[in-house]
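**Student:** What follows is a structure written as structure tokens; I'll ask about it next.
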Amino acid sequence: MITASPAHADIMAAVHGAVFPDEPWDAASFASLLAQPGMFGWLDERGGLLLLRVVADEAEIITIGAVTKRRGIGQALLQLGLETARSLGAVKMHLEVAAGNTPARAFYNNVGFTEAGRRRRYYSNGEDALLMVVDI
Ligand SMILES: CC(C)(COP(=O)(O)OP(=O)(O)OC[C@H]1O[C@@H](n2cnc3c(N)ncnc32)[C@H](O)[C@@H]1OP(=O)(O)O)[C@@H](O)C(=O)NCCC(=O)NCCS
């Protein structure tokens with residue numbers, strides 16, 4: 001696992017683009033996100049990324065993805081994020097997921113995330129966002 005700094009912005013953007021071809025984030029966005037206080041990023045050499053923000057006792061997944069699915073890449077990244085958040089004193093982890101993103105919802109349910117709310121028509125395609133949370 002590689003700890004990402006702003007110097008990894010290009011590769012973060014490339015991996016993100018491979019996971020989310022319809023909503024690529026450019027390298028400049030990653031450079032600025034990774035420079036923010038409380039932001040942590042990791043790259044999995046197999047093709048995966050996690051961006052996590054930890055502020056006070058709350059953590060938030062900004063983005064997570066695996067290029068090749070069901071090989072444990074997402075799980076490895078999420079576990080690292082959970083351990084890091086816990087070690088910094090976070091007691092909850094939050095995220096937003098598209099209501100129709102069944103694989104991601106199953107992935108989050110698998111580690112204990114539960115639905116904490118819904119933002120109607122949150123995404124540009126009209127889809128709802130689910131707010132999910134887990135005690136860590
Ligand atoms: C969500 C995502 C990150 C999961 O990563 P992954 O590496 O494929 O998941 P893992 O192999 O680590 O799976 C861990 C467990 O989660 C659950 N899970 C993951 N994908 C699943 C699916 N499609 N259906 C059902 N359960 C699933 C399973 O319990 C799985 O364990 P198992 O394979 O031993 O049964 C991946 O599907 C992805 O990149 N999706 C596109 C990007 C995305 O939607 N990101 C989240 C936006 S909020």
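Following the order of the structure tokens, chains are lettered A, B, ..., residues in each are numbered from 1, and ligands are numbered from 1.
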With only C-alpha atoms and all ligand atoms counted, collect every polymer residue having an atom within 9 Å of ligand 1; state the result as a PyMOL selection string.

**Tutor:** chain A and resi 16+19-20+48-50+61-78+95-98+101-111

**Student:** Take the residues that were just selected and, keeping C-alpha atoms, output them as a compact mmCIF listing (two decimals), in the first residue's frame.

**Tutor:**
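For reference, result.txt as written:
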```
# COMPACT_ATOMS: atom_id res chain seq x y z
CA HIS A 16 -9.82 7.23 -10.11
CA VAL A 19 -12.67 3.21 -11.52
CA PHE A 20 -15.06 6.06 -12.34
CA GLY A 48 -7.17 0.95 -6.03
CA LEU A 49 -7.43 4.20 -4.11
CA LEU A 50 -8.91 5.65 -0.95
CA ILE A 61 -14.72 8.54 2.92
CA ILE A 62 -14.24 10.99 0.06
CA THR A 63 -13.67 8.35 -2.57
CA ILE A 64 -12.80 4.67 -2.71
CA GLY A 65 -12.45 2.33 -5.63
CA ALA A 66 -10.86 -0.81 -6.97
CA VAL A 67 -10.10 -1.29 -10.65
CA THR A 68 -10.50 -5.08 -10.41
CA LYS A 69 -13.50 -6.02 -8.28
CA ARG A 70 -13.91 -8.75 -5.63
CA ARG A 71 -10.19 -9.28 -5.08
CA GLY A 72 -10.10 -7.72 -1.62
CA ILE A 73 -8.64 -4.41 -2.76
CA GLY A 74 -11.51 -2.31 -1.44
CA GLN A 75 -11.52 -4.23 1.82
CA ALA A 76 -7.77 -3.72 2.32
CA LEU A 77 -8.09 0.01 1.69
CA LEU A 78 -11.13 0.38 3.93
CA LEU A 95 -19.92 8.33 3.49
CA GLU A 96 -22.36 9.05 0.67
CA VAL A 97 -23.27 6.42 -1.87
CA ALA A 98 -25.65 6.45 -4.82
CA ASN A 101 -24.83 1.47 -6.39
CA THR A 102 -25.66 -2.06 -5.22
CA PRO A 103 -22.05 -3.39 -5.12
CA ALA A 104 -20.84 -0.49 -2.99
CA ARG A 105 -23.83 -0.76 -0.65
CA ALA A 106 -23.12 -4.48 -0.16
CA PHE A 107 -19.44 -3.68 0.40
CA TYR A 108 -20.26 -1.10 3.11
CA ASN A 109 -22.97 -3.25 4.72
CA ASN A 110 -20.40 -6.02 4.99
CA VAL A 111 -18.33 -3.96 7.43
```

**Student:** What parts of chain A does DSSP call strand (DSSP E)? I'd like the answer as a PyMOL selection string.

**Tutor:** chain A and resi 2-4+39-44+48-55+58-66+92-98+114-119+129-135

**Student:** Taking into account only C-alpha atoms, which residue in the set A:Gly47, A:Gly112, A:Gly38, A:Gly126 is nearest to Thr84 (chain A)?

**Tutor:** A:Gly38

**Student:** So that I can see what lies close to Phe40 (chain A), please list as a count of residues only the residues with an atom at most 9 Å from it, counting only C-alpha atoms and leaving out residues fewer than 5 positions away in the same chain.

**Tutor:** 11
